[in-house]
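**Student:** Supplied structure: start03.cif, mmCIF, C-alpha atoms.
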```
data_coords
#
loop_
_atom_site.group_PDB
_atom_site.id
_atom_site.type_symbol
_atom_site.label_atom_id
_atom_site.label_comp_id
_atom_site.auth_asym_id
_atom_site.auth_seq_id
_atom_site.Cartn_x
_atom_site.Cartn_y
_atom_site.Cartn_z
ATOM 1 C CA MET A 10 -90.331 -27.215 127.548
ATOM 2 C CA ASN A 11 -90.753 -30.388 125.490
ATOM 3 C CA LEU A 12 -88.796 -28.789 122.648
ATOM 4 C CA THR A 13 -85.946 -27.994 125.050
ATOM 5 C CA LEU A 14 -85.894 -31.564 126.321
ATOM 6 C CA ASN A 15 -85.774 -32.896 122.759
ATOM 7 C CA LEU A 16 -82.857 -30.623 121.889
ATOM 8 C CA VAL A 17 -80.934 -31.761 124.955
ATOM 9 C CA HIS A 18 -81.803 -35.415 124.285
ATOM 10 C CA GLU A 19 -80.628 -35.198 120.674
ATOM 11 C CA ARG A 20 -77.288 -33.687 121.706
ATOM 12 C CA THR A 21 -76.499 -36.907 123.564
ATOM 13 C CA LEU A 22 -75.149 -39.802 121.538
ATOM 14 C CA VAL A 23 -77.936 -42.073 122.781
ATOM 15 C CA GLY A 24 -80.596 -39.482 121.963
ATOM 16 C CA ALA A 25 -79.203 -38.645 118.537
ATOM 17 C CA VAL A 26 -79.059 -42.321 117.541
ATOM 18 C CA ASP A 27 -82.621 -42.769 118.811
ATOM 19 C CA SER A 28 -83.895 -39.741 116.862
ATOM 20 C CA TYR A 29 -82.039 -40.754 113.706
ATOM 21 C CA LEU A 30 -83.441 -44.285 113.764
ATOM 22 C CA LYS A 31 -86.971 -42.925 114.248
ATOM 23 C CA GLU A 32 -86.569 -40.856 111.083
ATOM 24 C CA LEU A 33 -85.764 -43.920 108.970
ATOM 25 C CA VAL A 34 -89.444 -44.727 108.392
ATOM 26 C CA HIS A 35 -89.114 -45.285 104.638
ATOM 27 C CA VAL A 36 -86.193 -47.679 104.903
ATOM 28 C CA ARG A 37 -86.539 -51.403 104.405
ATOM 29 C CA PRO A 38 -86.855 -53.264 107.719
ATOM 30 C CA PHE A 39 -83.671 -55.296 107.269
ATOM 31 C CA LEU A 40 -81.657 -52.131 106.576
ATOM 32 C CA LEU A 41 -83.197 -50.347 109.553
ATOM 33 C CA GLN A 42 -82.267 -53.293 111.774
ATOM 34 C CA ARG A 43 -78.714 -53.345 110.397
ATOM 35 C CA TYR A 44 -78.283 -49.613 111.028
ATOM 36 C CA ALA A 45 -79.789 -49.966 114.511
ATOM 37 C CA ASP A 46 -77.429 -52.838 115.343
ATOM 38 C CA VAL A 47 -74.379 -50.878 114.156
ATOM 39 C CA LEU A 48 -75.259 -47.565 115.786
ATOM 40 C CA GLU A 49 -76.523 -49.003 119.058
ATOM 41 C CA GLY A 50 -73.450 -51.234 119.227
ATOM 42 C CA MET A 51 -71.202 -48.258 118.564
ATOM 43 C CA THR A 52 -72.973 -46.210 121.223
ATOM 44 C CA GLU A 53 -72.763 -48.967 123.804
ATOM 45 C CA ARG A 54 -69.095 -49.585 123.115
ATOM 46 C CA TRP A 55 -68.296 -45.855 123.229
ATOM 47 C CA LEU A 56 -70.104 -45.359 126.531
ATOM 48 C CA ASP A 57 -68.394 -48.413 128.050
ATOM 49 C CA ALA A 58 -64.973 -47.167 126.925
ATOM 50 C CA ARG A 59 -65.241 -43.423 127.448
ATOM 51 C CA GLY A 60 -68.550 -42.682 129.193
ATOM 52 C CA VAL A 61 -69.112 -39.334 127.447
ATOM 53 C CA ASN A 62 -72.688 -39.293 126.167
ATOM 54 C CA ALA A 63 -72.368 -36.495 123.590
ATOM 55 C CA VAL A 64 -73.120 -36.873 119.896
ATOM 56 C CA ASP A 65 -69.841 -35.196 118.942
ATOM 57 C CA ALA A 66 -67.671 -37.079 121.464
ATOM 58 C CA PRO A 67 -66.465 -40.078 119.382
ATOM 59 C CA ASP A 68 -63.528 -38.994 117.245
ATOM 60 C CA ALA A 69 -62.558 -40.241 113.796
ATOM 61 C CA ALA A 70 -59.827 -42.574 115.061
ATOM 62 C CA TRP A 71 -62.155 -44.273 117.543
ATOM 63 C CA ILE A 72 -64.963 -44.575 114.960
ATOM 64 C CA ALA A 73 -62.581 -46.052 112.373
ATOM 65 C CA HIS A 74 -61.314 -48.558 114.940
ATOM 66 C CA TYR A 75 -64.893 -49.551 115.808
ATOM 67 C CA ILE A 76 -65.810 -50.015 112.137
ATOM 68 C CA ALA A 77 -62.723 -52.157 111.537
ATOM 69 C CA GLU A 78 -63.690 -54.508 114.380
ATOM 70 C CA VAL A 79 -67.302 -55.264 113.427
ATOM 71 C CA THR A 80 -68.427 -58.276 111.408
ATOM 72 C CA ASP A 81 -69.477 -56.246 108.358
ATOM 73 C CA PRO A 82 -67.282 -53.119 108.107
ATOM 74 C CA GLN A 83 -68.904 -51.912 104.861
ATOM 75 C CA ALA A 84 -72.389 -51.939 106.399
ATOM 76 C CA ALA A 85 -71.043 -50.275 109.539
ATOM 77 C CA LEU A 86 -69.325 -47.553 107.520
ATOM 78 C CA ALA A 87 -72.545 -46.848 105.587
ATOM 79 C CA ALA A 88 -74.583 -46.607 108.799
ATOM 80 C CA VAL A 89 -72.061 -44.401 110.597
ATOM 81 C CA GLN A 90 -71.576 -42.089 107.619
ATOM 82 C CA ASP A 91 -75.314 -41.664 107.163
ATOM 83 C CA PHE A 92 -75.885 -41.079 110.894
ATOM 84 C CA TYR A 93 -73.230 -38.379 111.139
ATOM 85 C CA ARG A 94 -74.393 -36.779 107.877
ATOM 86 C CA TRP A 95 -77.872 -36.559 109.455
ATOM 87 C CA ALA A 96 -76.409 -35.156 112.698
ATOM 88 C CA VAL A 97 -74.631 -32.369 110.813
ATOM 89 C CA GLN A 98 -77.736 -31.574 108.736
ATOM 90 C CA SER A 99 -79.770 -31.498 111.962
ATOM 91 C CA ASN A 100 -77.280 -29.020 113.463
ATOM 92 C CA LEU A 101 -76.337 -31.405 116.256
ATOM 93 C CA MET A 102 -72.656 -31.061 115.420
ATOM 94 C CA ALA A 103 -70.512 -28.768 113.310
ATOM 95 C CA GLU A 104 -68.811 -31.325 111.068
ATOM 96 C CA HIS A 105 -68.821 -34.997 110.188
ATOM 97 C CA PRO A 106 -65.987 -36.612 112.195
ATOM 98 C CA LEU A 107 -64.866 -38.928 109.397
ATOM 99 C CA PHE A 108 -65.027 -36.248 106.693
ATOM 100 C CA SER A 109 -63.193 -33.714 108.839
ATOM 101 C CA GLN A 110 -60.404 -36.239 109.396
ATOM 102 C CA LEU A 111 -60.123 -36.828 105.637
ATOM 103 C CA SER A 112 -59.992 -33.113 104.873
ATOM 104 C CA LYS A 113 -57.253 -32.591 107.499
ATOM 105 C CA ALA A 114 -55.234 -35.428 105.974
ATOM 106 C CA ASN A 115 -55.483 -33.802 102.530
ATOM 107 C CA ASP A 116 -54.280 -30.384 103.756
#
```
Kindly present the structure from the file in structure tokens form.

**Tutor:**
Amino acid sequence: MNLTLNLVHERTLVGAVDSYLKELVHVRPFLLQRYADVLEGMTERWLDARGVNAVDAPDAAWIAHYIAEVTDPQAALAAVQDFYRWAVQSNLMAEHPLFSQLSKAND
């Protein structure tokens, strides 16, 4: 039952961010804090705007808009890209939202 609860928790945006941050044990503390600030801020803003707590709910346009509005867009982009790369590798979603948008634009 605990495994089932973890799978459900990780499919939520809040749960996936939480699980991802817990896996960053070998990351320098300042980088972990920066990633946490970006991803928790993104999650909070998404839930306030749309209210859908699913890891695959934010689309590329919304994510790009969020990144453009933060104080350090380069750091935000790195955190978001790494988080979604982890989510795809963890089978929490089928494709990276930013990469899928780029591949559609190149078609």

**Student:** Pull out every residue that the PyMOL selection byres ((chain A and resi 91) around 12) matches in the shown coordinates and put them as a list in words.

**Tutor:**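 Selection result, ordered by chain and number: Val26, Tyr29, Leu30, Glu32, Leu33, Leu41, Tyr44, Ala45, Val47, Leu48, Ala84, Ala85, Leu86, Ala87, Ala88, Val89, Gln90, Phe92, Tyr93, Arg94, Trp95, Ala96, Val97, Gln98, His105, Pro106, Leu107 and Phe108 of chain A.
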
**Student:** Have a look at A:Pro82, A:Pro38, A:Met51, A:Asp27 and name the one nearest to A:Pro67; count only C-alpha atoms.

**Tutor:**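 Between A:Pro82, A:Pro38, A:Met51, A:Asp27, the residue approaching A:Pro67 most closely is A:Met51.
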
**Student:** Just to confirm, what's the straight-line distance from atom CA of A:Ala77 to atom CA of A:His35 in Å (one decimal)?

**Tutor:**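 Atom CA of A:His35 lies 28.1 Å from atom CA of A:Ala77.
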
**Student:** Skip A:Asp65 itself and residues of its chain fewer than 2 positions away, then list as a list in words all residues within 9 Å of it, counting only C-alpha atoms.

**Tutor:**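 The residues that qualify are Arg20, Thr21, Leu22, Asn62, Ala63, Pro67, Asp68, Leu101, Met102, Ala103, Glu104, His105 and Pro106 of chain A.
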
**Student:** Distance atom CA of A:Gly60-atom CA of A:Val34, one decimal place?

**Tutor:**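 Between these atoms lies a distance of 29.6 Å.
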
**Student:** If you measure from atom CA of A:Gly50 to atom CA of A:Ala69, what distance in Å do you get, rounded to one decimal?

**Tutor:** 16.4 Å

**Student:** Which centre and which edge lengths, in Å to one decimal, describe the axis-aligned box that holds all listed atoms of stretch 65-77 of chain A after 6 Å is added on each side, as AutoDock Vina command-line options?

**Tutor:**
```
--center_x -64.8 --center_y -43.7 --center_z 116.5 --size_x 22.0 --size_y 29.0 --size_z 21.9
```
